[in-house]
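Here's the structure we're looking at; comments come further down.
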Amino acid sequence: MDKIFEVFEKVRKESPLVHHITNWVTIYDCANIVKVFGGSPVMAHAVEEAADMASIADALVINIGTLSSRTIEAMKLAIAAANKKKIPVILDAVGVGATKFRNDTMKDLLKFRIDVIKGNASEIAAAAGISVTTKGVDSGHVSGDMMKIAKQLANERECVVVVTGKEDICTNGESAFVIKNGSPMMSQIVGTGCMAGSVIGTFCAVEKDYLFACIAGLVCFEIAAENADKTSEGPGTFKNKLFDKISTLSDISINKMKHVEEVR
Amino acid sequence: MDKIFEVFEKVRKESPLVHHITNWVTIYDCANIVKVFGGSPVMAHAVEEAADMASIADALVINIGTLSSRTIEAMKLAIAAANKKKIPVILDAVGVGATKFRNDTMKDLLKFRIDVIKGNASEIAAAAGISVTTKGVDSGHVSGDMMKIAKQLANERECVVVVTGKEDICTNGESAFVIKNGSPMMSQIVGTGCMAGSVIGTFCAVEKDYLFACIAGLVCFEIAAENADKTSEGPGTFKNKLFDKISTLSDISINKMKHVEEVR
Amino acid sequence: MDKIFEVFEKVRKESPLVHHITNWVTIYDCANIVKVFGGSPVMAHAVEEAADMASIADALVINIGTLSSRTIEAMKLAIAAANKKKIPVILDAVGVGATKFRNDTMKDLLKFRIDVIKGNASEIAAAAGISVTTKGVDSGHVSGDMMKIAKQLANERECVVVVTGKEDICTNGESAFVIKNGSPMMSQIVGTGCMAGSVIGTFCAVEKDYLFACIAGLVCFEIAAENADKTSEGPGTFKNKLFDKISTLSDISINKMKHVEEVR
């Protein structure tokens, strides 16, 4: 965990191209967080160009927050191209569990190689095939041990699973870590979850150890959130300062503030 | 009008799920304002899931700011599901009067049960079948008495009609109120009108007296705007502080600042 | 160049209706920048109303940042209506050069009369038929003299060409100007390029000398950016202050800060 800042520096140095097919609600925030971290975001959802764009990208972020049948088609074409190019594919399982359509879409997309599955507790539980009560795109109640569910899903899918929440779980099925950074403000505005997915995509674009890339990205993002919270007057100013505080992240602040625990 | 804060507290306590099918311009702001007020927003416009999502929601907000034939189809499916579940349906008549397509869409959607029709002066006049000159989505000139037009539309459609502007009209056809809160800054940025519709949906989700819910939501939103205006340096910082100031609304400030007059 | 402020004042006085068919990433920012400058933005991408909306507008901004086949259809209908009404059409060539689909779309749209073609260096080079290496929607490397390329494209298409970057080029093929205003922060957030296109549309709506309108709009926008940069703490607060600083632009500050050079 000493090399978190190194991954961030690599993002700034290499400025990876991160292709997104994402939702219409937080699409700007997803693009902007990549840019502010030093990456180069691109959003292209047309079936005619989704594969071509993925083919010149360094990572692909798929977020199913808002869907349409055409967009799903584009997602499949982009993932296939990303798989072929062997760039990391991040799947943000927004709202899985809320409707049959989302569950079916999730199943469909999981037929491809996905490198990181990310969601809140009820989304990951639903993705793992566990019956959950959800509340749209906000997490509902999950009975059961999320760590166990996450590890099982990671093992089954041979991928990294990230469960975001007050504390985040990152696991590849074997190793598992809990991140205790972040601020309560993050759950009081729309978009922090989606942005976390884009940050993960950006970090995976430059660091082949995807488990570590996920942890590094989340730690940086959430330390920035802690710093933003300290000087904000409410959810509006918090969100702006979140972007400000990414640009002032330093090796020292990350090493001092990072709060990651391996779970054995 | 003494119980406005009680409705706001109910929103925070119950955190209602507010389903939107809205426009692509202000979709983030619509979601975020619901979240900041304490509700749980969800946006889902696919025809395959619009009805399912409405079926687990506590209110449905339809905003026709940007349209496509597929989205209109989804709107109808969602409204039908909402009508079946008897949750409030808010229709924000953005741009009605500007094109034949919007007028036709409005007529189509009004075949369903709509609980609150909301718009600016020219949109409500156009919805009432009065010929208006519009300016895209900004209000054009309306000749005639808006209070009379609003009451008539409310009576015809057996719903609540909300006309936003420098002063807002809320009427169920019988009772009518004018809200004199708000700030001139609200008309200098994009999105305050759409956010007002989402706030109305959030408040109607927890308060069955929809007329009172509309008034309560607008008063809270507009007092926050007044407070934001006081400390902002322009339209950019105003918008952020608008979100900040919602989280600091108190019983005392609302009762002191509210400016609602019944019109007889 | 003494009359830049006069064009801005005309925008505020006439509040032109600026119709956009734009991308889903920066659609809010495009609308809001028009509003904050004093114009009246409208976004309508349905094929059923694109032409009708263009017919009541004072300018049309086409931005191909995110595309779909239906939206392209709507763009063509809107441009045809705008050409018929003889209102200015601005084409923001976002991402041209990145995929075959964007290149083909660009060619298709250039069959209509376009009054201003705008893009970054690699987009304009690609639009001019020069082979470029692009990086999604960010500018890639262009070998060759951009001024020459821009002039040639302007002559060929009989239009104004705007190349944005650290320094901007504005040319009608005959006269050519370089704008040296702006702040490095502009390239550190998403949306400033798209907003520049919307500002150009707003200024062209009230000033028939499109070359001068482009220069005037860009100078105002970029001086606001300079002023925002001075007091911002990072990319988040910068963006908000950018909107604030538009509302405080004055004749004096523009004349003092404008940095435009004619290139002979």
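Chain lettering (A, B, ...) mirrors the order of the structure tokens, residue numbering begins at 1 for each chain separately, and ligand numbering begins at 1 in order of display.
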Exercise. Could you list, as a PyMOL selection string, the residues of chain C having an atom within 9 Å of chain A when counting only C-alpha atoms?
Key: chain C and resi 24-28+65-69+95+98-102+135-138+187-191+232-240
Could those selected residues go to a file with N, CA and C atoms, as an mmCIF file, in the first residue's frame?
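The new file selection_24.cif reads:
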```
data_model
loop_
_atom_site.group_PDB
_atom_site.id
_atom_site.type_symbol
_atom_site.label_atom_id
_atom_site.label_comp_id
_atom_site.auth_asym_id
_atom_site.auth_seq_id
_atom_site.Cartn_x
_atom_site.Cartn_y
_atom_site.Cartn_z
ATOM 1 N N TRP C 24 -24.380 14.393 -24.662
ATOM 2 C CA TRP C 24 -25.002 14.170 -23.344
ATOM 3 C C TRP C 24 -24.045 14.476 -22.190
ATOM 4 N N VAL C 25 -22.783 14.717 -22.477
ATOM 5 C CA VAL C 25 -21.803 14.933 -21.399
ATOM 6 C C VAL C 25 -21.873 16.364 -20.879
ATOM 7 N N THR C 26 -21.837 17.323 -21.815
ATOM 8 C CA THR C 26 -21.733 18.727 -21.428
ATOM 9 C C THR C 26 -23.004 19.505 -21.758
ATOM 10 N N ILE C 27 -24.106 18.791 -21.967
ATOM 11 C CA ILE C 27 -25.347 19.441 -22.397
ATOM 12 C C ILE C 27 -25.805 20.503 -21.400
ATOM 13 N N TYR C 28 -25.656 20.214 -20.103
ATOM 14 C CA TYR C 28 -26.052 21.225 -19.118
ATOM 15 C C TYR C 28 -25.170 22.466 -19.222
ATOM 16 N N GLY C 65 -20.263 15.477 -29.994
ATOM 17 C CA GLY C 65 -19.515 14.811 -28.926
ATOM 18 C C GLY C 65 -19.985 13.397 -28.609
ATOM 19 N N THR C 66 -21.292 13.206 -28.519
ATOM 20 C CA THR C 66 -21.851 11.847 -28.464
ATOM 21 C C THR C 66 -22.903 11.767 -29.551
ATOM 22 N N LEU C 67 -22.925 10.665 -30.234
ATOM 23 C CA LEU C 67 -23.791 10.549 -31.410
ATOM 24 C C LEU C 67 -24.696 9.322 -31.314
ATOM 25 N N SER C 68 -25.765 9.342 -32.062
ATOM 26 C CA SER C 68 -26.529 8.135 -32.362
ATOM 27 C C SER C 68 -27.147 8.376 -33.729
ATOM 28 N N SER C 69 -27.544 7.339 -34.404
ATOM 29 C CA SER C 69 -28.055 7.512 -35.769
ATOM 30 C C SER C 69 -29.292 8.418 -35.782
ATOM 31 N N GLY C 95 -14.236 15.181 -31.487
ATOM 32 C CA GLY C 95 -13.792 13.797 -31.692
ATOM 33 C C GLY C 95 -13.613 13.388 -33.141
ATOM 34 N N ALA C 98 -11.285 10.462 -34.549
ATOM 35 C CA ALA C 98 -11.145 9.336 -33.615
ATOM 36 C C ALA C 98 -11.762 8.046 -34.152
ATOM 37 N N THR C 99 -12.894 8.149 -34.857
ATOM 38 C CA THR C 99 -13.524 6.950 -35.423
ATOM 39 C C THR C 99 -14.027 7.251 -36.832
ATOM 40 N N LYS C 100 -14.179 6.196 -37.611
ATOM 41 C CA LYS C 100 -14.709 6.329 -38.965
ATOM 42 C C LYS C 100 -16.114 6.933 -38.923
ATOM 43 N N PHE C 101 -16.903 6.529 -37.928
ATOM 44 C CA PHE C 101 -18.275 7.009 -37.792
ATOM 45 C C PHE C 101 -18.321 8.532 -37.641
ATOM 46 N N ARG C 102 -17.409 9.075 -36.841
ATOM 47 C CA ARG C 102 -17.375 10.531 -36.674
ATOM 48 C C ARG C 102 -16.924 11.218 -37.956
ATOM 49 N N LYS C 135 -6.742 11.451 -29.784
ATOM 50 C CA LYS C 135 -6.879 10.779 -28.501
ATOM 51 C C LYS C 135 -8.308 11.003 -28.035
ATOM 52 N N GLY C 136 -9.247 10.287 -28.648
ATOM 53 C CA GLY C 136 -10.645 10.456 -28.273
ATOM 54 C C GLY C 136 -11.110 11.854 -28.606
ATOM 55 N N VAL C 137 -11.502 12.613 -27.587
ATOM 56 C CA VAL C 137 -11.968 13.973 -27.811
ATOM 57 C C VAL C 137 -10.917 15.010 -27.445
ATOM 58 N N ASP C 138 -9.760 14.553 -26.945
ATOM 59 C CA ASP C 138 -8.658 15.481 -26.679
ATOM 60 C C ASP C 138 -7.783 15.579 -27.916
ATOM 61 N N SER C 187 -8.234 23.632 -19.769
ATOM 62 C CA SER C 187 -7.990 22.294 -20.323
ATOM 63 C C SER C 187 -7.934 21.231 -19.226
ATOM 64 N N GLN C 188 -8.140 21.645 -17.997
ATOM 65 C CA GLN C 188 -8.074 20.685 -16.894
ATOM 66 C C GLN C 188 -9.448 20.219 -16.434
ATOM 67 N N ILE C 189 -10.505 20.777 -17.026
ATOM 68 C CA ILE C 189 -11.860 20.292 -16.753
ATOM 69 C C ILE C 189 -12.549 19.953 -18.064
ATOM 70 N N VAL C 190 -13.584 19.165 -17.961
ATOM 71 C CA VAL C 190 -14.378 18.797 -19.135
ATOM 72 C C VAL C 190 -15.408 19.893 -19.398
ATOM 73 N N GLY C 191 -15.585 20.287 -20.637
ATOM 74 C CA GLY C 191 -16.701 21.162 -20.976
ATOM 75 C C GLY C 191 -16.373 22.525 -21.510
ATOM 76 N N SER C 232 -9.743 30.883 -7.852
ATOM 77 C CA SER C 232 -10.215 29.516 -7.610
ATOM 78 C C SER C 232 -9.157 28.691 -6.900
ATOM 79 N N GLU C 233 -9.615 27.651 -6.220
ATOM 80 C CA GLU C 233 -8.704 26.796 -5.447
ATOM 81 C C GLU C 233 -8.417 25.481 -6.166
ATOM 82 N N GLY C 234 -8.929 25.336 -7.374
ATOM 83 C CA GLY C 234 -8.747 24.096 -8.115
ATOM 84 C C GLY C 234 -9.806 24.002 -9.191
ATOM 85 N N PRO C 235 -9.846 22.872 -9.902
ATOM 86 C CA PRO C 235 -10.753 22.739 -11.045
ATOM 87 C C PRO C 235 -12.237 22.824 -10.689
ATOM 88 N N GLY C 236 -12.603 22.423 -9.460
ATOM 89 C CA GLY C 236 -14.020 22.460 -9.061
ATOM 90 C C GLY C 236 -14.517 23.870 -8.862
ATOM 91 N N THR C 237 -13.810 24.623 -8.026
ATOM 92 C CA THR C 237 -14.256 26.006 -7.803
ATOM 93 C C THR C 237 -14.027 26.856 -9.051
ATOM 94 N N PHE C 238 -12.999 26.529 -9.849
ATOM 95 C CA PHE C 238 -12.764 27.264 -11.094
ATOM 96 C C PHE C 238 -14.016 27.261 -11.968
ATOM 97 N N LYS C 239 -14.613 26.085 -12.104
ATOM 98 C CA LYS C 239 -15.746 25.982 -13.017
ATOM 99 C C LYS C 239 -16.921 26.851 -12.571
ATOM 100 N N ASN C 240 -17.166 26.898 -11.284
ATOM 101 C CA ASN C 240 -18.267 27.730 -10.792
ATOM 102 C C ASN C 240 -17.986 29.198 -10.956
#
```
Self-check item: helix (DSSP H, G or I) residues, from DSSP on the backbone, in stretch 217-249 of chain A, as a list in words
Solution: Gly217, Leu218, Val219, Cys220, Phe221, Glu222, Ile223, Ala224, Ala225, Glu226, Asn227, Ala228, Asp229, Lys230, Thr231, Pro235, Gly236, Thr237, Phe238, Lys239, Asn240, Lys241, Leu242, Phe243, Asp244, Lys245, Ile246 and Ser247 of chain A
Could you dump the residues just selected with N, CA, C and O atoms as a compact mmCIF listing (two decimals), in the first residue's frame?
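Wrote it out as result.txt, contents follow:
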```txt
# COMPACT_ATOMS: atom_id res chain seq x y z
N GLY A 217 -7.05 3.76 -6.43
CA GLY A 217 -8.00 4.75 -6.94
C GLY A 217 -8.99 5.19 -5.89
O GLY A 217 -9.24 6.38 -5.68
N LEU A 218 -9.57 4.21 -5.18
CA LEU A 218 -10.57 4.54 -4.16
C LEU A 218 -9.96 5.34 -3.01
O LEU A 218 -10.57 6.29 -2.52
N VAL A 219 -8.77 4.96 -2.60
CA VAL A 219 -8.11 5.67 -1.49
C VAL A 219 -7.88 7.13 -1.87
O VAL A 219 -8.21 8.05 -1.11
N CYS A 220 -7.35 7.37 -3.07
CA CYS A 220 -7.12 8.75 -3.51
C CYS A 220 -8.42 9.55 -3.57
O CYS A 220 -8.51 10.68 -3.06
N PHE A 221 -9.43 8.95 -4.19
CA PHE A 221 -10.73 9.60 -4.34
C PHE A 221 -11.33 9.93 -2.97
O PHE A 221 -11.84 11.04 -2.75
N GLU A 222 -11.24 9.00 -2.06
CA GLU A 222 -11.91 9.18 -0.77
C GLU A 222 -11.13 10.08 0.18
O GLU A 222 -11.73 10.75 1.03
N ILE A 223 -9.81 10.13 0.03
CA ILE A 223 -9.04 11.10 0.82
C ILE A 223 -9.38 12.51 0.33
O ILE A 223 -9.57 13.44 1.12
N ALA A 224 -9.50 12.66 -0.98
CA ALA A 224 -9.92 13.96 -1.53
C ALA A 224 -11.29 14.35 -0.96
O ALA A 224 -11.52 15.51 -0.61
N ALA A 225 -12.18 13.37 -0.83
CA ALA A 225 -13.51 13.63 -0.26
C ALA A 225 -13.41 14.06 1.20
O ALA A 225 -14.12 14.98 1.63
N GLU A 226 -12.53 13.42 1.94
CA GLU A 226 -12.34 13.82 3.34
C GLU A 226 -11.85 15.26 3.43
O GLU A 226 -12.34 16.06 4.24
N ASN A 227 -10.88 15.59 2.57
CA ASN A 227 -10.34 16.95 2.57
C ASN A 227 -11.39 17.97 2.13
O ASN A 227 -11.44 19.08 2.64
N ALA A 228 -12.23 17.58 1.18
CA ALA A 228 -13.29 18.48 0.71
C ALA A 228 -14.31 18.72 1.82
O ALA A 228 -14.79 19.84 2.02
N ASP A 229 -14.63 17.65 2.54
CA ASP A 229 -15.64 17.74 3.60
C ASP A 229 -15.23 18.75 4.67
O ASP A 229 -16.06 19.51 5.17
N LYS A 230 -13.94 18.77 4.97
CA LYS A 230 -13.43 19.64 6.05
C LYS A 230 -13.72 21.12 5.81
O LYS A 230 -13.87 21.89 6.75
N THR A 231 -13.75 21.53 4.53
CA THR A 231 -13.89 22.96 4.25
C THR A 231 -15.19 23.29 3.52
O THR A 231 -15.36 24.42 3.07
N PRO A 235 -23.62 20.10 0.79
CA PRO A 235 -23.42 19.18 -0.34
C PRO A 235 -23.01 19.87 -1.65
O PRO A 235 -22.32 19.26 -2.45
N GLY A 236 -23.42 21.12 -1.83
CA GLY A 236 -23.08 21.83 -3.07
C GLY A 236 -21.61 22.18 -3.14
O GLY A 236 -20.92 21.84 -4.11
N THR A 237 -21.13 22.86 -2.11
CA THR A 237 -19.71 23.22 -2.12
C THR A 237 -18.83 21.99 -1.95
O THR A 237 -17.73 21.94 -2.49
N PHE A 238 -19.34 20.97 -1.23
CA PHE A 238 -18.56 19.73 -1.09
C PHE A 238 -18.18 19.16 -2.44
O PHE A 238 -17.03 18.78 -2.68
N LYS A 239 -19.16 19.11 -3.34
CA LYS A 239 -18.90 18.47 -4.63
C LYS A 239 -17.82 19.20 -5.42
O LYS A 239 -16.97 18.58 -6.06
N ASN A 240 -17.82 20.51 -5.37
CA ASN A 240 -16.80 21.27 -6.08
C ASN A 240 -15.43 21.11 -5.48
O ASN A 240 -14.43 20.97 -6.19
N LYS A 241 -15.41 21.13 -4.17
CA LYS A 241 -14.12 20.99 -3.50
C LYS A 241 -13.55 19.59 -3.67
O LYS A 241 -12.34 19.40 -3.63
N LEU A 242 -14.43 18.62 -3.90
CA LEU A 242 -13.96 17.26 -4.19
C LEU A 242 -13.03 17.27 -5.40
O LEU A 242 -11.96 16.65 -5.39
N PHE A 243 -13.41 18.02 -6.44
CA PHE A 243 -12.55 18.12 -7.62
C PHE A 243 -11.27 18.90 -7.28
O PHE A 243 -10.17 18.53 -7.69
N ASP A 244 -11.43 19.99 -6.52
CA ASP A 244 -10.25 20.78 -6.11
C ASP A 244 -9.24 19.91 -5.38
O ASP A 244 -8.03 20.01 -5.63
N LYS A 245 -9.75 19.10 -4.46
CA LYS A 245 -8.85 18.38 -3.55
C LYS A 245 -8.14 17.22 -4.22
O LYS A 245 -7.18 16.68 -3.65
N ILE A 246 -8.58 16.82 -5.39
CA ILE A 246 -7.85 15.79 -6.14
C ILE A 246 -6.55 16.38 -6.67
O ILE A 246 -5.51 15.74 -6.63
N SER A 247 -6.66 17.62 -7.10
CA SER A 247 -5.45 18.23 -7.69
C SER A 247 -4.40 18.58 -6.63
O SER A 247 -3.27 18.89 -6.97
```
Self-check item: Interatomic distance (Å, one decimal) between atom CA of C:Val163 and atom CA of C:Asp108
Solution: 20.7 Å
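Note that atom CA of C:Leu60 and atom CA of C:Arg12 are 17.9 Å apart.
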Practice problem: Mind the document's chain letters and residue numbers, and return as a list of chain:residue names the residues of stretch 45-165 of chain A that DSSP labels strand (DSSP E or B). | Solution: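 Listing strand (DSSP E or B) positions across stretch 45-165 of chain A yields A:Ala59, A:Leu60, A:Val61, A:Ile62, A:Asn63, A:Val89, A:Ile90, A:Leu91, A:Asp92, A:Val96, A:Thr99, A:Val116, A:Ile117, A:Lys118, A:Gly119, A:Asn120, A:Lys135, A:Asp138, A:Val160, A:Val161, A:Val162, A:Val163, A:Thr164.
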Exercise. Pick out the closest residue to C:Met257 from this set: C:Gln152, C:Asp58, C:Lys180, C:Val116. Count only C-alpha atoms.
Key: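 The shortest atom-to-atom distance to C:Met257 comes from C:Lys180.
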Exercise. Mind giving me the straight-line distance from atom CA of B:Pro184 to atom CA of B:Ile117 in Å, one decimal?
Key: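 Going from atom CA of B:Pro184 over to atom CA of B:Ile117 covers 23.1 Å.
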Quiz item: Looking at only C-alpha atoms, which of C:Ala81, C:Ile254, C:Ala59, C:Ala154 is the one that sits closest to C:Lys208?
Solution: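 Between C:Ala81, C:Ile254, C:Ala59, C:Ala154, the residue approaching C:Lys208 most closely is C:Ala59.
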Exercise. Skip C:Lys107 itself and residues of its chain fewer than 5 positions away, then list as a list in words all residues within 12 Å of it, counting only C-alpha atoms.
Key: Ile72, Lys76, Leu91, Ala93, Val96, Gly97, Lys100, Phe101, Arg102, Phe112, Arg113, Ile114, Ala126, Ala127, Ala128, Gly129 and Arg157 of chain C
Selected residues, N, CA, C and O atoms, written as a PDB file, in the first residue's frame, please.
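Dumped everything to again-v3.pdb:
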```pdb
ATOM      1  N   ILE C  72     -28.253  12.105 -35.392  1.00  0.00           N
ATOM      2  CA  ILE C  72     -27.681  12.620 -36.639  1.00  0.00           C
ATOM      3  C   ILE C  72     -28.801  13.011 -37.599  1.00  0.00           C
ATOM      4  O   ILE C  72     -28.740  14.051 -38.264  1.00  0.00           O
ATOM      5  N   LYS C  76     -29.498  16.822 -39.134  1.00  0.00           N
ATOM      6  CA  LYS C  76     -29.687  17.191 -40.546  1.00  0.00           C
ATOM      7  C   LYS C  76     -30.973  17.991 -40.743  1.00  0.00           C
ATOM      8  O   LYS C  76     -30.989  18.998 -41.465  1.00  0.00           O
ATOM      9  N   LEU C  91     -20.855  24.253 -36.122  1.00  0.00           N
ATOM     10  CA  LEU C  91     -20.601  22.810 -36.030  1.00  0.00           C
ATOM     11  C   LEU C  91     -19.352  22.574 -35.190  1.00  0.00           C
ATOM     12  O   LEU C  91     -18.245  22.944 -35.592  1.00  0.00           O
ATOM     13  N   ALA C  93     -16.818  20.101 -34.007  1.00  0.00           N
ATOM     14  CA  ALA C  93     -16.380  18.817 -34.562  1.00  0.00           C
ATOM     15  C   ALA C  93     -15.752  17.887 -33.526  1.00  0.00           C
ATOM     16  O   ALA C  93     -14.703  17.282 -33.764  1.00  0.00           O
ATOM     17  N   VAL C  96     -13.760  14.333 -34.080  1.00  0.00           N
ATOM     18  CA  VAL C  96     -13.527  13.960 -35.484  1.00  0.00           C
ATOM     19  C   VAL C  96     -12.070  13.513 -35.627  1.00  0.00           C
ATOM     20  O   VAL C  96     -11.165  14.123 -35.068  1.00  0.00           O
ATOM     21  N   GLY C  97     -11.893  12.425 -36.317  1.00  0.00           N
ATOM     22  CA  GLY C  97     -10.563  11.828 -36.434  1.00  0.00           C
ATOM     23  C   GLY C  97     -10.423  10.587 -35.570  1.00  0.00           C
ATOM     24  O   GLY C  97      -9.565   9.745 -35.823  1.00  0.00           O
ATOM     25  N   LYS C 100     -14.179   6.196 -37.611  1.00  0.00           N
ATOM     26  CA  LYS C 100     -14.709   6.329 -38.965  1.00  0.00           C
ATOM     27  C   LYS C 100     -16.114   6.933 -38.923  1.00  0.00           C
ATOM     28  O   LYS C 100     -16.488   7.754 -39.755  1.00  0.00           O
ATOM     29  N   PHE C 101     -16.903   6.529 -37.928  1.00  0.00           N
ATOM     30  CA  PHE C 101     -18.275   7.009 -37.792  1.00  0.00           C
ATOM     31  C   PHE C 101     -18.321   8.532 -37.641  1.00  0.00           C
ATOM     32  O   PHE C 101     -19.157   9.206 -38.241  1.00  0.00           O
ATOM     33  N   ARG C 102     -17.409   9.075 -36.841  1.00  0.00           N
ATOM     34  CA  ARG C 102     -17.375  10.531 -36.674  1.00  0.00           C
ATOM     35  C   ARG C 102     -16.924  11.218 -37.956  1.00  0.00           C
ATOM     36  O   ARG C 102     -17.451  12.270 -38.329  1.00  0.00           O
ATOM     37  N   PHE C 112     -24.352  20.339 -45.863  1.00  0.00           N
ATOM     38  CA  PHE C 112     -25.213  21.503 -45.630  1.00  0.00           C
ATOM     39  C   PHE C 112     -24.348  22.758 -45.498  1.00  0.00           C
ATOM     40  O   PHE C 112     -23.130  22.680 -45.403  1.00  0.00           O
ATOM     41  N   ARG C 113     -25.011  23.898 -45.468  1.00  0.00           N
ATOM     42  CA  ARG C 113     -24.280  25.146 -45.232  1.00  0.00           C
ATOM     43  C   ARG C 113     -23.956  25.255 -43.748  1.00  0.00           C
ATOM     44  O   ARG C 113     -24.837  25.273 -42.897  1.00  0.00           O
ATOM     45  N   ILE C 114     -22.665  25.318 -43.431  1.00  0.00           N
ATOM     46  CA  ILE C 114     -22.205  25.499 -42.053  1.00  0.00           C
ATOM     47  C   ILE C 114     -21.504  26.848 -41.991  1.00  0.00           C
ATOM     48  O   ILE C 114     -20.671  27.149 -42.855  1.00  0.00           O
ATOM     49  N   ALA C 126      -8.434  16.951 -39.029  1.00  0.00           N
ATOM     50  CA  ALA C 126      -9.201  15.817 -39.562  1.00  0.00           C
ATOM     51  C   ALA C 126     -10.338  16.308 -40.453  1.00  0.00           C
ATOM     52  O   ALA C 126     -10.610  15.728 -41.507  1.00  0.00           O
ATOM     53  N   ALA C 127     -11.008  17.378 -40.037  1.00  0.00           N
ATOM     54  CA  ALA C 127     -12.095  17.941 -40.848  1.00  0.00           C
ATOM     55  C   ALA C 127     -11.577  18.418 -42.195  1.00  0.00           C
ATOM     56  O   ALA C 127     -12.285  18.380 -43.205  1.00  0.00           O
ATOM     57  N   ALA C 128     -10.320  18.853 -42.204  1.00  0.00           N
ATOM     58  CA  ALA C 128      -9.709  19.327 -43.442  1.00  0.00           C
ATOM     59  C   ALA C 128      -9.161  18.180 -44.288  1.00  0.00           C
ATOM     60  O   ALA C 128      -8.551  18.402 -45.323  1.00  0.00           O
ATOM     61  N   GLY C 129      -9.339  16.963 -43.787  1.00  0.00           N
ATOM     62  CA  GLY C 129      -8.936  15.796 -44.571  1.00  0.00           C
ATOM     63  C   GLY C 129      -7.491  15.396 -44.361  1.00  0.00           C
ATOM     64  O   GLY C 129      -6.944  14.592 -45.118  1.00  0.00           O
ATOM     65  N   ARG C 157     -14.690  25.778 -47.596  1.00  0.00           N
ATOM     66  CA  ARG C 157     -16.070  25.668 -47.111  1.00  0.00           C
ATOM     67  C   ARG C 157     -16.779  27.008 -47.089  1.00  0.00           C
ATOM     68  O   ARG C 157     -17.941  27.081 -46.692  1.00  0.00           O
TER      69      ARG C 157
END
```
